[in-house]
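Below is one structure, written out as structure tokens, with a few remarks after it.
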Amino acid sequence: MATPRHLLVDPVNECDYHLVSRCVRRAFLCGVDDHDGRDYSHRRGWLVERMRQLAPRFAVDIYAYTVLSNHFHLVLRHDPLAHRDWSDEEVAWRWFEAFPPSEKGAVVEELKPERRELMLGDPKRVARARCTLGSMSHFMKHLRITLLSAAL
């Protein structure tokens, strides 16, 4: 059985990590699936684009990645204390750049300033966003969730 990430990640020191995320139950991430013959190559672009969108907002720097047919690898640096130095305004900016407001699946840029102000008025929400953006586990979660929801 794999060791949970929270037991492997140093909670204080900036470190480099090699992360792997695999598909399960014969699911296919990208390329041509031998089982059903469908081409899922377009998912590679989704994943790469989401990495580019999320990494600068979270406390991670991606050094390298590779996307294979049923899994992907990331080599990244995680600074678990970086989020402590961010101002509340920076946290709100990072949050709405990573998770922009949308209506009917389309991003609505005009709503970002209003949503930032609402977040800044709620210190508990800012604190939750700060912890999320400082977490490598949350980075991986949001990277995978986006890919899964786009695939459905």
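Lettering and numbering for the structure tokens are positional, with chains as A, B, ... in the shown order, residues counted from 1 in each chain, and ligands counted from 1 in the shown order.
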
Pull the strand (DSSP E) assignments for stretch 94-147 of chain A out of DSSP run on the backbone, and list those residues as a short mmCIF file (atom, residue, chain, number, x, y, z; two decimals) with C-alpha atoms, in the first residue's frame.
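Below is the file out_30.cif, written as the result:
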```cif
data_model
loop_
_atom_site.label_atom_id
_atom_site.label_comp_id
_atom_site.auth_asym_id
_atom_site.auth_seq_id
_atom_site.Cartn_x
_atom_site.Cartn_y
_atom_site.Cartn_z
CA SER A 102 -18.00 31.19 -14.21
CA GLU A 103 -21.55 31.11 -15.43
CA ALA A 106 -17.82 30.13 -19.23
CA VAL A 107 -15.34 32.25 -17.26
#
```

Practice task
Write out as a count of residues only the residues lying within 7 Å of stretch 8-16 of chain A, counting only C-alpha atoms and excluding same-chain residues fewer than 2 positions away.
Solution key: 9

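For the set A:Glu89, A:Glu49, A:Asp36, A:Glu114, the residue with the smallest atom-to-atom gap to A:Arg130 is A:Glu89, counting only C-alpha atoms.
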
With a cut-off of 6 Å, could you pull out the residues of stretch 72-111 of chain A touching stretch 17-31 of chain A and give me the nearest pair of atoms for each, distance in Å to one decimal, using only C-alpha atoms, ordered by chain and ascending number, as a tab-separated table?
```
residue	atom	partner	partner_atom	distance
A:Phe72	CA	A:Ser21	CA	5.6
A:His73	CA	A:Val20	CA	4.6
A:Leu74	CA	A:Leu19	CA	5.1
A:Val75	CA	A:His18	CA	4.5
A:Leu76	CA	A:Tyr17	CA	5.4
```

Using only C-alpha atoms, please write the residues we just selected to a file, as an mmCIF file, in the first residue's frame.
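In the end it all went to result_39.cif:
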```cif
data_model
loop_
_atom_site.group_PDB
_atom_site.id
_atom_site.type_symbol
_atom_site.label_atom_id
_atom_site.label_comp_id
_atom_site.auth_asym_id
_atom_site.auth_seq_id
_atom_site.Cartn_x
_atom_site.Cartn_y
_atom_site.Cartn_z
ATOM 1 C CA PHE A 72 1.412 11.306 -15.605
ATOM 2 C CA HIS A 73 4.574 12.299 -13.756
ATOM 3 C CA LEU A 74 5.423 15.679 -12.260
ATOM 4 C CA VAL A 75 8.735 16.846 -10.855
ATOM 5 C CA LEU A 76 8.121 19.925 -8.777
#
```

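Taking atom CA of A:Val48 as the reference point, atom CA of A:His138 is found at 17.0 Å.
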
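Atom pair atom CA of A:Met119 / atom CA of A:Thr132: separated by 14.2 Å.
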
Exercise for the section: Any chance you could list, as an MDAnalysis selection string, the residues in stretch 72-113 of chain A that come up helix (DSSP H, G or I) when DSSP is run on the backbone? Expected result: chainID A and resid 82:85 88:98 109:113

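The space between atom CA of A:Gly45 and atom CA of A:Glu90 spans 27.9 Å.
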
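The smallest atom-to-atom distance between A:Arg125 and any of A:Glu97, A:Ile145, A:Lys104, A:Val91, using only C-alpha atoms, is found for A:Val91.
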
Find the residues around A:Pro56 up to 9 Å (only C-alpha atoms counted), leave out those fewer than 6 positions away in its own chain, and share them as a PDB file with C-alpha atoms, in the first residue's frame.
```pdb
ATOM      1  CA  ILE A  62       6.955  22.544 -11.956  1.00  0.00           C
ATOM      2  CA  ARG A  94      -4.245  33.820  -6.773  1.00  0.00           C
ATOM      3  CA  ALA A  98      -6.796  29.550 -10.323  1.00  0.00           C
TER       4      ALA A  98
END
```

For A:Gln53, find every residue with an atom within 12 Å (counting only C-alpha atoms), except residues of its own chain fewer than 6 positions away, and show them as a short mmCIF file (atom, residue, chain, number, x, y, z; two decimals) with all heavy atoms, in the first residue's frame.
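Generated output (selection.cif):
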```
data_model
loop_
_atom_site.label_atom_id
_atom_site.label_comp_id
_atom_site.auth_asym_id
_atom_site.auth_seq_id
_atom_site.Cartn_x
_atom_site.Cartn_y
_atom_site.Cartn_z
N TRP A 46 -5.35 19.37 -22.27
CA TRP A 46 -6.11 19.82 -21.10
C TRP A 46 -5.25 19.82 -19.85
O TRP A 46 -5.23 20.77 -19.08
CB TRP A 46 -7.30 18.91 -20.84
CG TRP A 46 -8.41 18.92 -21.82
CD1 TRP A 46 -8.60 19.81 -22.85
CD2 TRP A 46 -9.49 18.00 -21.87
NE1 TRP A 46 -9.74 19.48 -23.53
CE2 TRP A 46 -10.32 18.38 -22.95
CE3 TRP A 46 -9.84 16.90 -21.11
CZ2 TRP A 46 -11.48 17.68 -23.28
CZ3 TRP A 46 -11.00 16.21 -21.44
CH2 TRP A 46 -11.79 16.60 -22.52
N LEU A 47 -4.52 18.71 -19.67
CA LEU A 47 -3.70 18.55 -18.47
C LEU A 47 -2.56 19.56 -18.44
O LEU A 47 -2.33 20.21 -17.42
CB LEU A 47 -3.16 17.12 -18.40
CG LEU A 47 -2.36 16.75 -17.16
CD1 LEU A 47 -3.21 16.90 -15.90
CD2 LEU A 47 -1.83 15.34 -17.28
N VAL A 60 3.92 25.90 -5.69
CA VAL A 60 4.70 24.88 -6.37
C VAL A 60 5.34 25.48 -7.63
O VAL A 60 4.82 26.41 -8.22
CB VAL A 60 3.86 23.65 -6.77
CG1 VAL A 60 3.23 22.99 -5.56
CG2 VAL A 60 2.80 23.99 -7.79
N ASP A 61 6.47 24.91 -8.01
CA ASP A 61 7.12 25.23 -9.27
C ASP A 61 7.34 23.91 -9.99
O ASP A 61 7.98 23.00 -9.45
CB ASP A 61 8.49 25.90 -9.05
CG ASP A 61 8.37 27.27 -8.44
OD1 ASP A 61 7.53 28.05 -8.91
OD2 ASP A 61 9.12 27.56 -7.49
N ILE A 62 6.81 23.78 -11.19
CA ILE A 62 6.95 22.54 -11.96
C ILE A 62 8.26 22.60 -12.74
O ILE A 62 8.50 23.53 -13.50
CB ILE A 62 5.76 22.33 -12.90
CG1 ILE A 62 4.48 22.16 -12.09
CG2 ILE A 62 6.00 21.10 -13.79
CD1 ILE A 62 3.22 22.03 -12.93
N ARG A 94 -4.65 35.17 -6.36
CA ARG A 94 -4.25 33.82 -6.77
C ARG A 94 -5.46 32.89 -6.87
O ARG A 94 -5.58 32.09 -7.78
CB ARG A 94 -3.23 33.24 -5.79
CG ARG A 94 -1.85 33.83 -5.90
CD ARG A 94 -0.96 33.31 -4.76
NE ARG A 94 0.37 33.84 -4.82
CZ ARG A 94 1.41 33.22 -5.38
NH1 ARG A 94 1.24 32.04 -5.95
NH2 ARG A 94 2.60 33.77 -5.39
N TRP A 95 -6.35 33.00 -5.87
CA TRP A 95 -7.52 32.12 -5.84
C TRP A 95 -8.39 32.29 -7.09
O TRP A 95 -8.77 31.32 -7.73
CB TRP A 95 -8.35 32.38 -4.58
CG TRP A 95 -9.47 31.41 -4.46
CD1 TRP A 95 -10.77 31.61 -4.84
CD2 TRP A 95 -9.41 30.07 -3.98
NE1 TRP A 95 -11.52 30.48 -4.62
CE2 TRP A 95 -10.69 29.52 -4.09
CE3 TRP A 95 -8.37 29.29 -3.47
CZ2 TRP A 95 -10.98 28.22 -3.69
CZ3 TRP A 95 -8.66 27.99 -3.07
CH2 TRP A 95 -9.94 27.48 -3.19
N PHE A 96 -8.69 33.52 -7.42
CA PHE A 96 -9.61 33.74 -8.55
C PHE A 96 -8.91 33.64 -9.91
O PHE A 96 -9.58 33.56 -10.93
CB PHE A 96 -10.39 35.04 -8.37
CG PHE A 96 -11.41 34.90 -7.28
CD1 PHE A 96 -11.24 35.53 -6.07
CD2 PHE A 96 -12.51 34.09 -7.46
CE1 PHE A 96 -12.16 35.37 -5.05
CE2 PHE A 96 -13.44 33.91 -6.44
CZ PHE A 96 -13.26 34.56 -5.24
N GLU A 97 -7.59 33.61 -9.92
CA GLU A 97 -6.89 33.27 -11.15
C GLU A 97 -6.90 31.75 -11.34
O GLU A 97 -7.01 31.26 -12.45
CB GLU A 97 -5.46 33.81 -11.14
CG GLU A 97 -5.39 35.32 -11.24
CD GLU A 97 -6.01 35.87 -12.50
OE1 GLU A 97 -5.70 35.38 -13.60
OE2 GLU A 97 -6.83 36.81 -12.39
N ALA A 98 -6.77 31.01 -10.24
CA ALA A 98 -6.80 29.55 -10.32
C ALA A 98 -8.21 29.02 -10.52
O ALA A 98 -8.43 28.05 -11.26
CB ALA A 98 -6.19 28.94 -9.06
N PHE A 99 -9.17 29.66 -9.86
CA PHE A 99 -10.57 29.22 -9.90
C PHE A 99 -11.46 30.41 -10.26
O PHE A 99 -12.16 30.95 -9.40
CB PHE A 99 -10.98 28.64 -8.54
CG PHE A 99 -10.01 27.61 -8.03
CD1 PHE A 99 -9.18 27.90 -6.96
CD2 PHE A 99 -9.91 26.37 -8.63
CE1 PHE A 99 -8.28 26.97 -6.49
CE2 PHE A 99 -9.01 25.43 -8.16
CZ PHE A 99 -8.18 25.72 -7.09
N PRO A 100 -11.43 30.83 -11.52
CA PRO A 100 -12.20 32.01 -11.91
C PRO A 100 -13.70 31.79 -11.81
O PRO A 100 -14.17 30.66 -11.99
CB PRO A 100 -11.76 32.25 -13.36
CG PRO A 100 -11.26 30.94 -13.83
CD PRO A 100 -10.72 30.22 -12.64
N PHE A 139 -3.03 21.01 -4.76
CA PHE A 139 -2.63 21.25 -6.15
C PHE A 139 -2.93 20.01 -7.00
O PHE A 139 -3.56 20.11 -8.05
CB PHE A 139 -1.14 21.62 -6.23
CG PHE A 139 -0.60 21.62 -7.62
CD1 PHE A 139 -0.90 22.67 -8.48
CD2 PHE A 139 0.19 20.59 -8.09
CE1 PHE A 139 -0.41 22.68 -9.79
CE2 PHE A 139 0.68 20.59 -9.38
CZ PHE A 139 0.38 21.64 -10.23
N HIS A 142 -6.77 19.41 -7.43
CA HIS A 142 -7.43 20.29 -8.38
C HIS A 142 -6.94 20.06 -9.81
O HIS A 142 -7.69 20.27 -10.75
CB HIS A 142 -7.26 21.75 -7.96
CG HIS A 142 -8.06 22.08 -6.74
ND1 HIS A 142 -9.44 22.17 -6.77
CD2 HIS A 142 -7.70 22.31 -5.47
CE1 HIS A 142 -9.88 22.45 -5.56
NE2 HIS A 142 -8.85 22.53 -4.75
N LEU A 143 -5.73 19.61 -9.95
CA LEU A 143 -5.23 19.25 -11.28
C LEU A 143 -6.00 18.04 -11.82
O LEU A 143 -6.47 18.05 -12.95
CB LEU A 143 -3.74 18.94 -11.20
CG LEU A 143 -3.03 18.56 -12.48
CD1 LEU A 143 -3.12 19.69 -13.49
CD2 LEU A 143 -1.57 18.23 -12.19
N THR A 146 -10.06 18.65 -12.40
CA THR A 146 -10.35 19.38 -13.62
C THR A 146 -10.31 18.43 -14.82
O THR A 146 -11.17 18.48 -15.69
CB THR A 146 -9.35 20.51 -13.82
OG1 THR A 146 -9.39 21.34 -12.67
CG2 THR A 146 -9.67 21.32 -15.05
#
```

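Closest approach to A:Phe58 from the set A:Arg44, A:Leu7, A:Trp86, A:Gly37 is made by A:Trp86, with distances taken over only C-alpha atoms.
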